[in-house]
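Colleague: Contents of entry.tsv (TSV, C-alpha atoms) are below:
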chain	number	residue	atom	x	y	z
A	8	MET	CA	-29.74	-25.84	-44.18
A	9	ILE	CA	-33.49	-25.32	-44.43
A	10	TYR	CA	-34.80	-23.57	-47.52
A	11	LYS	CA	-38.01	-21.61	-47.05
A	12	VAL	CA	-39.28	-21.11	-50.58
A	13	SER	CA	-41.92	-18.75	-51.94
A	14	TYR	CA	-43.21	-20.32	-55.17
A	15	VAL	CA	-44.85	-17.82	-57.51
A	16	VAL	CA	-46.50	-18.89	-60.75
A	17	LEU	CA	-45.95	-16.82	-63.89
A	18	GLY	CA	-49.03	-14.97	-65.10
A	19	GLY	CA	-50.63	-14.46	-61.70
A	20	GLN	CA	-53.48	-16.89	-62.34
A	21	HIS	CA	-52.35	-19.26	-59.57
A	22	PRO	CA	-51.56	-18.13	-56.00
A	23	GLY	CA	-48.45	-20.29	-55.63
A	24	GLY	CA	-47.27	-21.57	-52.31
A	25	ILE	CA	-44.71	-21.57	-49.51
A	26	ARG	CA	-42.89	-24.54	-48.08
A	27	ASN	CA	-39.72	-25.54	-46.25
A	28	GLN	CA	-37.43	-28.06	-47.86
A	29	SER	CA	-34.05	-29.57	-47.09
A	30	GLU	CA	-32.73	-29.26	-50.64
A	31	ALA	CA	-32.31	-26.03	-52.55
A	32	PRO	CA	-34.79	-25.63	-55.42
A	33	LYS	CA	-33.18	-25.68	-58.87
A	34	VAL	CA	-34.24	-24.51	-62.30
A	35	GLY	CA	-35.99	-27.41	-64.04
A	36	ASP	CA	-37.27	-29.04	-60.82
A	37	LYS	CA	-40.89	-30.20	-60.84
A	38	VAL	CA	-43.20	-28.78	-58.14
A	39	ARG	CA	-46.76	-29.84	-57.30
A	40	LEU	CA	-49.22	-27.28	-55.91
A	41	GLY	CA	-52.69	-28.73	-55.50
A	42	ARG	CA	-53.44	-30.91	-58.50
A	43	LYS	CA	-51.19	-28.98	-60.86
A	44	TYR	CA	-47.55	-29.52	-61.68
A	45	PHE	CA	-45.12	-26.72	-62.39
A	46	GLU	CA	-41.52	-26.31	-63.44
A	47	ILE	CA	-39.05	-23.93	-61.80
A	48	VAL	CA	-37.72	-21.38	-64.27
A	49	GLU	CA	-35.85	-19.05	-61.90
A	50	VAL	CA	-34.59	-19.01	-58.30
A	51	ASN	CA	-33.53	-15.87	-56.37
A	52	GLU	CA	-32.70	-14.98	-52.79
A	53	LEU	CA	-35.72	-13.25	-51.26
A	54	LEU	CA	-34.12	-12.31	-47.92
A	55	PRO	CA	-30.65	-12.68	-46.40
A	56	PRO	CA	-30.13	-16.02	-44.61
A	57	ARG	CA	-30.66	-16.25	-40.85
A	58	ASP	CA	-29.10	-19.07	-38.82
A	59	ASP	CA	-29.85	-22.33	-40.68
A	60	PHE	CA	-32.56	-20.81	-42.86
A	61	GLN	CA	-32.33	-19.49	-46.40
A	62	PHE	CA	-35.23	-17.54	-47.86
A	63	LEU	CA	-35.77	-18.03	-51.57
A	64	HIS	CA	-38.15	-17.00	-54.30
A	65	ALA	CA	-38.78	-19.46	-57.12
A	66	THR	CA	-40.69	-18.62	-60.28
A	67	LEU	CA	-42.79	-21.40	-61.77
A	68	ARG	CA	-44.43	-22.07	-65.09
A	69	PRO	CA	-47.13	-24.68	-65.64
A	70	ARG	CA	-45.88	-27.94	-67.05
A	71	THR	CA	-47.29	-28.53	-70.50
A	72	LYS	CA	-47.67	-31.78	-72.38
A	73	GLU	CA	-44.44	-30.87	-74.13
A	74	THR	CA	-42.44	-30.40	-70.91
A	75	GLU	CA	-44.07	-33.49	-69.29
A	76	ASP	CA	-42.58	-35.59	-72.08
A	77	LYS	CA	-39.03	-34.41	-71.36
B	19	MET	CA	-42.18	-36.44	-28.72
B	20	GLN	CA	-38.75	-36.99	-30.32
B	21	GLU	CA	-40.28	-36.94	-33.80
B	22	LEU	CA	-41.98	-33.64	-33.03
B	23	LEU	CA	-38.78	-32.14	-31.58
B	24	ARG	CA	-36.86	-33.08	-34.74
B	25	THR	CA	-39.59	-31.49	-36.86
B	26	MET	CA	-39.64	-28.34	-34.73
B	27	LYS	CA	-35.94	-27.71	-35.35
B	28	ASN	CA	-36.72	-27.37	-39.07
B	29	ILE	CA	-39.48	-24.82	-38.54
B	30	GLU	CA	-38.67	-21.13	-38.59
B	31	LEU	CA	-41.32	-20.39	-35.94
B	32	PHE	CA	-39.08	-22.05	-33.37
B	33	ARG	CA	-35.76	-20.62	-34.57
B	34	GLY	CA	-33.55	-19.61	-31.64
B	35	LEU	CA	-35.29	-21.78	-29.03
B	36	ASN	CA	-33.22	-24.21	-26.98
B	37	ASP	CA	-34.14	-27.87	-26.44
B	38	SER	CA	-35.85	-27.19	-23.12
B	39	GLN	CA	-38.05	-24.48	-24.67
B	40	LEU	CA	-38.88	-26.72	-27.63
B	41	GLU	CA	-39.95	-29.46	-25.23
B	42	ARG	CA	-42.27	-27.06	-23.44
B	43	ILE	CA	-43.93	-26.13	-26.73
B	44	ALA	CA	-44.11	-29.78	-27.76
B	45	ALA	CA	-45.90	-30.51	-24.49
B	46	ILE	CA	-48.76	-28.14	-25.40
B	47	SER	CA	-48.97	-29.28	-29.05
B	48	ARG	CA	-51.50	-31.82	-30.26
B	49	ARG	CA	-50.97	-33.96	-33.35
B	50	GLU	CA	-53.82	-34.05	-35.88
B	51	ASP	CA	-53.91	-36.23	-39.02
B	52	TYR	CA	-55.86	-35.38	-42.16
B	53	ASN	CA	-56.45	-36.77	-45.62
B	54	GLU	CA	-56.97	-34.94	-48.90
B	55	GLY	CA	-60.15	-32.88	-48.85
B	56	ASP	CA	-60.53	-32.80	-45.07
B	57	VAL	CA	-61.44	-29.32	-43.83
B	58	ILE	CA	-59.12	-28.33	-40.98
B	59	LEU	CA	-60.73	-25.00	-40.22
B	60	LYS	CA	-63.49	-22.89	-41.76
B	61	GLN	CA	-63.58	-19.21	-42.59
B	62	ASP	CA	-65.64	-17.09	-40.16
B	63	ALA	CA	-65.56	-19.74	-37.45
B	64	GLU	CA	-64.32	-18.90	-33.98
B	65	GLY	CA	-60.65	-19.76	-33.67
B	66	ASP	CA	-58.22	-19.98	-30.80
B	67	THR	CA	-55.66	-22.39	-32.23
B	68	MET	CA	-52.71	-22.13	-34.59
B	69	TYR	CA	-51.34	-25.00	-36.61
B	70	ILE	CA	-47.90	-26.07	-37.76
B	71	ILE	CA	-47.59	-28.31	-40.82
B	72	ALA	CA	-45.23	-31.21	-40.07
B	73	GLN	CA	-46.02	-33.22	-43.20
B	74	GLY	CA	-48.05	-32.72	-46.37
B	75	GLN	CA	-49.67	-29.66	-47.86
B	76	VAL	CA	-52.78	-27.56	-47.24
B	77	GLU	CA	-54.86	-25.29	-49.42
B	78	ILE	CA	-55.97	-21.91	-48.10
B	79	SER	CA	-59.08	-20.46	-49.71
B	80	VAL	CA	-61.12	-17.35	-49.06
B	81	GLN	CA	-64.82	-16.77	-49.77
B	82	VAL	CA	-65.25	-13.49	-51.65
B	83	LYS	CA	-68.83	-12.47	-52.46
B	84	GLY	CA	-69.97	-16.08	-52.34
B	85	THR	CA	-67.15	-17.40	-54.50
B	86	SER	CA	-64.30	-19.47	-53.13
B	87	ARG	CA	-60.94	-18.07	-54.18
B	88	LEU	CA	-57.72	-20.01	-53.78
B	89	ALA	CA	-55.29	-17.93	-51.71
B	90	ILE	CA	-52.14	-20.04	-51.33
B	91	TYR	CA	-50.77	-23.53	-50.78
B	92	LEU	CA	-48.71	-24.09	-47.65
B	93	GLY	CA	-46.36	-27.02	-47.19
B	94	GLU	CA	-44.09	-28.46	-44.54
B	95	GLY	CA	-42.81	-26.12	-41.87
B	96	GLN	CA	-45.48	-23.49	-42.44
B	97	VAL	CA	-47.90	-22.02	-39.93
B	98	PHE	CA	-51.59	-21.25	-40.35
B	99	GLY	CA	-54.38	-20.14	-38.04
B	100	GLU	CA	-52.03	-17.66	-36.40
B	101	VAL	CA	-54.10	-14.62	-37.41
B	102	ALA	CA	-57.14	-15.54	-35.29
B	103	LEU	CA	-54.83	-16.69	-32.50
B	104	LEU	CA	-53.18	-13.28	-32.42
B	105	ASP	CA	-56.06	-10.90	-33.05
B	106	TYR	CA	-58.96	-12.86	-31.46
B	107	GLY	CA	-60.98	-12.42	-34.66
B	108	HIS	CA	-62.82	-15.04	-36.66
B	109	ARG	CA	-61.01	-17.32	-39.06
B	110	SER	CA	-60.00	-15.33	-42.14
B	111	ALA	CA	-59.87	-18.31	-44.50
B	112	THR	CA	-60.78	-21.97	-44.94
B	113	VAL	CA	-57.95	-24.49	-44.75
B	114	THR	CA	-58.25	-27.90	-46.42
B	115	ALA	CA	-55.75	-30.75	-46.48
B	116	ASP	CA	-54.37	-31.11	-49.99
B	117	GLU	CA	-52.66	-34.48	-49.52
B	118	ASP	CA	-53.36	-37.74	-47.74
B	119	ASN	CA	-51.34	-38.20	-44.54
B	120	THR	CA	-51.10	-34.50	-43.85
B	121	VAL	CA	-49.89	-34.06	-40.27
B	122	VAL	CA	-50.31	-30.81	-38.36
B	123	TYR	CA	-49.68	-29.85	-34.75
B	124	SER	CA	-52.18	-27.54	-33.10
B	125	VAL	CA	-51.35	-25.11	-30.31
B	126	ALA	CA	-54.20	-23.55	-28.31
B	127	ARG	CA	-54.11	-19.83	-27.49
B	128	ASP	CA	-54.47	-20.19	-23.70
B	129	SER	CA	-51.62	-22.69	-23.40
B	130	PHE	CA	-49.48	-20.65	-25.79
B	131	GLU	CA	-50.05	-17.37	-23.96
B	132	ASN	CA	-49.39	-18.98	-20.59
B	133	LEU	CA	-46.11	-20.35	-21.92
B	134	CYS	CA	-45.10	-16.95	-23.34
B	135	MET	CA	-45.89	-15.27	-20.03
B	136	SER	CA	-43.93	-17.83	-18.02
B	137	ASP	CA	-40.85	-17.61	-20.28
B	138	HIS	CA	-40.53	-14.14	-21.75
B	139	LEU	CA	-37.53	-15.03	-23.93
B	140	LEU	CA	-39.49	-17.91	-25.46
B	141	GLY	CA	-42.44	-15.56	-25.94
B	142	TYR	CA	-40.26	-12.93	-27.61
B	143	LEU	CA	-38.58	-15.42	-29.95
B	144	VAL	CA	-41.81	-17.10	-31.06
B	145	MET	CA	-43.62	-13.76	-31.51
B	146	ARG	CA	-40.63	-12.39	-33.47
B	147	ASN	CA	-40.63	-15.50	-35.67
B	148	LEU	CA	-44.41	-15.23	-36.16
B	149	ALA	CA	-43.94	-11.63	-37.31
B	150	LEU	CA	-41.18	-12.74	-39.71
B	151	ASP	CA	-43.45	-15.49	-41.05
B	152	LEU	CA	-46.28	-13.01	-41.66
B	153	SER	CA	-43.75	-10.72	-43.36
B	154	PHE	CA	-42.61	-13.59	-45.60
B	155	LYS	CA	-46.23	-14.34	-46.55
B	156	LEU	CA	-46.75	-10.66	-47.37
B	157	ARG	CA	-43.64	-10.64	-49.57
B	158	HIS	CA	-44.92	-13.76	-51.33
B	159	ARG	CA	-48.27	-12.08	-51.91
B	160	ASN	CA	-46.66	-8.86	-53.15
B	161	THR	CA	-44.48	-10.77	-55.61
B	162	ASP	CA	-47.53	-12.68	-56.77
B	163	LEU	CA	-49.47	-9.44	-57.32
B	164	ALA	CA	-46.50	-7.86	-59.13
B	165	ASP	CA	-46.46	-10.84	-61.46
B	166	GLU	CA	-50.12	-10.22	-62.36
B	167	VAL	CA	-49.29	-6.74	-63.68
Any chance you could give the structure as structure tokens?
Modeller:
Amino acid sequence: MIYKVSYVVLGGQHPGGIRNQSEAPKVGDKVRLGRKYFEIVEVNELLPPRDDFQFLHATLRPRTKETEDK
Amino acid sequence: MQELLRTMKNIELFRGLNDSQLERIAAISRREDYNEGDVILKQDAEGDTMYIIAQGQVEISVQVKGTSRLAIYLGEGQVFGEVALLDYGHRSATVTADEDNTVVYSVARDSFENLCMSDHLLGYLVMRNLALDLSFKLRHRNTDLADEV
């Protein structure tokens, strides 16, 4: 299965990104967009799956010093 | 060629194509390698090529009233440059490699259109998938805007 993921950052100050990946994104995963790191806080289905593709929406929040230490 | 064919099977743009059709697209694709900070294409330039990201990540930015505004990051399996390829306009954004060892495959408009005309099913499937990709990008943008409110 290929997961096409729309990553949207909370607060709207960062444009997020789109990528394909072979593993489903999970809450708590770390994601890098540009030079910034984010943490997934929510994952939803954006569109129904087609063939081997799933279309997901993942909400991100910036990783803080506190979350980096975890 | 085999590496490219494996990559193509993981890209939505080529969903539904058989091996023979994938090979025909691979034959008109050219590999390009970039490192972080390399500009792949510039806003307002003439453009007749679309790109498929096989490895790495790119940054898309748009100049608005003299200020560069980050528009989106695109990673593996994504397509860019398709707007100018489809509408014959100038490049709508600047695309910069965001990682070392970013690998993209470029497809020129003339070769692509000739292929679509010679195999209408291939042309339909790729154009359908391009439309779905643009729709996905629009949904991403709408969700992003909704989050700003």
Colleague: Of the candidates B:Val97, B:Met68, B:Leu35, B:Met145, which one gets nearest to A:Asn27 if we count all atoms listed in the file?
Modeller: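 Selected residue with least distance to A:Asn27: B:Val97.
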Colleague: When you draw a straight line from atom CA of B:Gly107 to atom CA of B:Leu59, how long is it in Å?
Modeller: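 So the answer is 13.8 Å.
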Colleague: Using all atoms listed in the file, find which residues of chain A lie within 8 Å of chain B and jot them down as a PDB file with C-alpha atoms, keeping the file's coordinate frame.
Modeller:
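The result, stored in selection.pdb:
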ATOM      1  CA  ILE A   9     -33.490 -25.320 -44.430  1.00  0.00           C
ATOM      2  CA  SER A  13     -41.920 -18.750 -51.940  1.00  0.00           C
ATOM      3  CA  TYR A  14     -43.210 -20.320 -55.170  1.00  0.00           C
ATOM      4  CA  VAL A  15     -44.850 -17.820 -57.510  1.00  0.00           C
ATOM      5  CA  VAL A  16     -46.500 -18.890 -60.750  1.00  0.00           C
ATOM      6  CA  LEU A  17     -45.950 -16.820 -63.890  1.00  0.00           C
ATOM      7  CA  GLY A  18     -49.030 -14.970 -65.100  1.00  0.00           C
ATOM      8  CA  GLY A  19     -50.630 -14.460 -61.700  1.00  0.00           C
ATOM      9  CA  GLN A  20     -53.480 -16.890 -62.340  1.00  0.00           C
ATOM     10  CA  HIS A  21     -52.350 -19.260 -59.570  1.00  0.00           C
ATOM     11  CA  PRO A  22     -51.560 -18.130 -56.000  1.00  0.00           C
ATOM     12  CA  GLY A  23     -48.450 -20.290 -55.630  1.00  0.00           C
ATOM     13  CA  GLY A  24     -47.270 -21.570 -52.310  1.00  0.00           C
ATOM     14  CA  ILE A  25     -44.710 -21.570 -49.510  1.00  0.00           C
ATOM     15  CA  ARG A  26     -42.890 -24.540 -48.080  1.00  0.00           C
ATOM     16  CA  ASN A  27     -39.720 -25.540 -46.250  1.00  0.00           C
ATOM     17  CA  GLN A  28     -37.430 -28.060 -47.860  1.00  0.00           C
ATOM     18  CA  LEU A  40     -49.220 -27.280 -55.910  1.00  0.00           C
ATOM     19  CA  GLY A  41     -52.690 -28.730 -55.500  1.00  0.00           C
ATOM     20  CA  PHE A  60     -32.560 -20.810 -42.860  1.00  0.00           C
TER      21      PHE A  60
END
Colleague: What does the distance from atom CA of B:Tyr52 to atom CA of B:Thr120 come to in Å, to one decimal?
Modeller: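 Computing the Euclidean distance for atom CA of B:Tyr52 and atom CA of B:Thr120 yields 5.1 Å.
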Colleague: With all atoms listed in the file as the counted atoms, please give the residues lying no more than 7 Å from stretch 121-131 of chain B, apart from itself and same-chain residues fewer than 3 positions off, as a list in words.
Modeller: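 Those residues are Ile46, Ser47, Arg48, Arg49, Glu50, Asp51, Tyr52, Asp66, Thr67, Met68, Tyr69, Ile70, Ile71, Ala72, Gln73, Gly74, Leu103, Cys134 and Met135 of chain B.
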Colleague: If you count only C-alpha atoms, which residues fall within 10 Å of B:Met19, apart from same-chain ones fewer than 6 positions away, as a PDB file with C-alpha atoms, keeping the file's coordinate frame?
Modeller:
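Result saved to selection31.pdb:
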ATOM      1  CA  THR B  25     -39.590 -31.490 -36.860  1.00  0.00           C
ATOM      2  CA  GLU B  41     -39.950 -29.460 -25.230  1.00  0.00           C
ATOM      3  CA  ALA B  44     -44.110 -29.780 -27.760  1.00  0.00           C
ATOM      4  CA  ALA B  45     -45.900 -30.510 -24.490  1.00  0.00           C
ATOM      5  CA  SER B  47     -48.970 -29.280 -29.050  1.00  0.00           C
TER       6      SER B  47
END
Colleague: Do you have the atom CA of B:Leu140-atom CA of B:Val113 distance handy?
Modeller: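 According to the coordinates, atom CA of B:Leu140 and atom CA of B:Val113 are separated by 27.5 Å.
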Colleague: Can you list, as a list of chain:residue names, every protein, DNA or RNA residue that comes within 10 Å of A:Lys33 when you count only C-alpha atoms, leaving out same-chain residues fewer than 4 positions away?
Modeller: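 Once the adjacent positions are removed, what remains is A:Lys37, A:Glu46, A:Ile47, A:Val48, A:Glu49, A:Val50, A:Ala65.
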Colleague: Ranking B:Val80, B:Ile58, B:Met26, B:Leu133 by minimum distance to B:Gly99 and counting all atoms listed in the file, which one comes first?
Modeller: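 Comparing B:Val80, B:Ile58, B:Met26, B:Leu133 against B:Gly99, the winner is B:Ile58.
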Colleague: Could I get stretch 28-51 of chain A rebuilt with N, CA and C atoms, written as a PDB file, keeping the file's coordinate frame?
Modeller:
ATOM      1  N   GLN A  28     -37.997 -26.838 -47.316  1.00  0.00           N
ATOM      2  CA  GLN A  28     -37.430 -28.060 -47.860  1.00  0.00           C
ATOM      3  C   GLN A  28     -35.953 -28.146 -47.507  1.00  0.00           C
ATOM      4  N   SER A  29     -35.449 -29.375 -47.505  1.00  0.00           N
ATOM      5  CA  SER A  29     -34.050 -29.570 -47.090  1.00  0.00           C
ATOM      6  C   SER A  29     -33.082 -29.431 -48.248  1.00  0.00           C
ATOM      7  N   GLU A  30     -33.603 -29.438 -49.483  1.00  0.00           N
ATOM      8  CA  GLU A  30     -32.730 -29.260 -50.640  1.00  0.00           C
ATOM      9  C   GLU A  30     -33.088 -27.965 -51.359  1.00  0.00           C
ATOM     10  N   ALA A  31     -32.075 -27.286 -51.847  1.00  0.00           N
ATOM     11  CA  ALA A  31     -32.310 -26.030 -52.550  1.00  0.00           C
ATOM     12  C   ALA A  31     -33.078 -26.286 -53.854  1.00  0.00           C
ATOM     13  N   PRO A  32     -34.079 -25.460 -54.149  1.00  0.00           N
ATOM     14  CA  PRO A  32     -34.790 -25.630 -55.420  1.00  0.00           C
ATOM     15  C   PRO A  32     -33.868 -25.258 -56.582  1.00  0.00           C
ATOM     16  N   LYS A  33     -34.030 -25.946 -57.699  1.00  0.00           N
ATOM     17  CA  LYS A  33     -33.180 -25.680 -58.870  1.00  0.00           C
ATOM     18  C   LYS A  33     -34.050 -25.477 -60.102  1.00  0.00           C
ATOM     19  N   VAL A  34     -33.544 -24.696 -61.023  1.00  0.00           N
ATOM     20  CA  VAL A  34     -34.240 -24.510 -62.300  1.00  0.00           C
ATOM     21  C   VAL A  34     -34.428 -25.886 -62.943  1.00  0.00           C
ATOM     22  N   GLY A  35     -35.672 -26.128 -63.408  1.00  0.00           N
ATOM     23  CA  GLY A  35     -35.990 -27.410 -64.040  1.00  0.00           C
ATOM     24  C   GLY A  35     -36.681 -28.384 -63.099  1.00  0.00           C
ATOM     25  N   ASP A  36     -36.594 -28.149 -61.771  1.00  0.00           N
ATOM     26  CA  ASP A  36     -37.270 -29.040 -60.820  1.00  0.00           C
ATOM     27  C   ASP A  36     -38.782 -28.990 -61.035  1.00  0.00           C
ATOM     28  N   LYS A  37     -39.432 -30.125 -60.741  1.00  0.00           N
ATOM     29  CA  LYS A  37     -40.890 -30.200 -60.840  1.00  0.00           C
ATOM     30  C   LYS A  37     -41.482 -29.936 -59.458  1.00  0.00           C
ATOM     31  N   VAL A  38     -42.553 -29.140 -59.413  1.00  0.00           N
ATOM     32  CA  VAL A  38     -43.200 -28.780 -58.140  1.00  0.00           C
ATOM     33  C   VAL A  38     -44.696 -29.021 -58.276  1.00  0.00           C
ATOM     34  N   ARG A  39     -45.318 -29.641 -57.277  1.00  0.00           N
ATOM     35  CA  ARG A  39     -46.760 -29.840 -57.300  1.00  0.00           C
ATOM     36  C   ARG A  39     -47.426 -28.894 -56.309  1.00  0.00           C
ATOM     37  N   LEU A  40     -48.400 -28.142 -56.778  1.00  0.00           N
ATOM     38  CA  LEU A  40     -49.220 -27.280 -55.910  1.00  0.00           C
ATOM     39  C   LEU A  40     -50.670 -27.645 -56.200  1.00  0.00           C
ATOM     40  N   GLY A  41     -51.355 -28.236 -55.233  1.00  0.00           N
ATOM     41  CA  GLY A  41     -52.690 -28.730 -55.500  1.00  0.00           C
ATOM     42  C   GLY A  41     -52.601 -29.858 -56.507  1.00  0.00           C
ATOM     43  N   ARG A  42     -53.454 -29.826 -57.509  1.00  0.00           N
ATOM     44  CA  ARG A  42     -53.440 -30.910 -58.500  1.00  0.00           C
ATOM     45  C   ARG A  42     -52.601 -30.559 -59.720  1.00  0.00           C
ATOM     46  N   LYS A  43     -51.950 -29.412 -59.692  1.00  0.00           N
ATOM     47  CA  LYS A  43     -51.190 -28.980 -60.860  1.00  0.00           C
ATOM     48  C   LYS A  43     -49.691 -29.127 -60.640  1.00  0.00           C
ATOM     49  N   TYR A  44     -49.016 -29.410 -61.727  1.00  0.00           N
ATOM     50  CA  TYR A  44     -47.550 -29.520 -61.680  1.00  0.00           C
ATOM     51  C   TYR A  44     -46.930 -28.329 -62.405  1.00  0.00           C
ATOM     52  N   PHE A  45     -45.820 -27.876 -61.842  1.00  0.00           N
ATOM     53  CA  PHE A  45     -45.120 -26.720 -62.390  1.00  0.00           C
ATOM     54  C   PHE A  45     -43.635 -27.030 -62.512  1.00  0.00           C
ATOM     55  N   GLU A  46     -42.959 -26.161 -63.267  1.00  0.00           N
ATOM     56  CA  GLU A  46     -41.520 -26.310 -63.440  1.00  0.00           C
ATOM     57  C   GLU A  46     -40.850 -25.008 -63.002  1.00  0.00           C
ATOM     58  N   ILE A  47     -39.765 -25.130 -62.250  1.00  0.00           N
ATOM     59  CA  ILE A  47     -39.050 -23.930 -61.800  1.00  0.00           C
ATOM     60  C   ILE A  47     -38.256 -23.345 -62.958  1.00  0.00           C
ATOM     61  N   VAL A  48     -38.457 -22.037 -63.177  1.00  0.00           N
ATOM     62  CA  VAL A  48     -37.720 -21.380 -64.270  1.00  0.00           C
ATOM     63  C   VAL A  48     -36.692 -20.376 -63.744  1.00  0.00           C
ATOM     64  N   GLU A  49     -36.799 -20.006 -62.450  1.00  0.00           N
ATOM     65  CA  GLU A  49     -35.850 -19.050 -61.900  1.00  0.00           C
ATOM     66  C   GLU A  49     -35.851 -19.165 -60.369  1.00  0.00           C
ATOM     67  N   VAL A  50     -34.686 -19.003 -59.770  1.00  0.00           N
ATOM     68  CA  VAL A  50     -34.590 -19.010 -58.300  1.00  0.00           C
ATOM     69  C   VAL A  50     -33.750 -17.811 -57.866  1.00  0.00           C
ATOM     70  N   ASN A  51     -34.255 -17.036 -56.903  1.00  0.00           N
ATOM     71  CA  ASN A  51     -33.530 -15.870 -56.370  1.00  0.00           C
ATOM     72  C   ASN A  51     -33.591 -15.877 -54.851  1.00  0.00           C
TER      73      ASN A  51
END
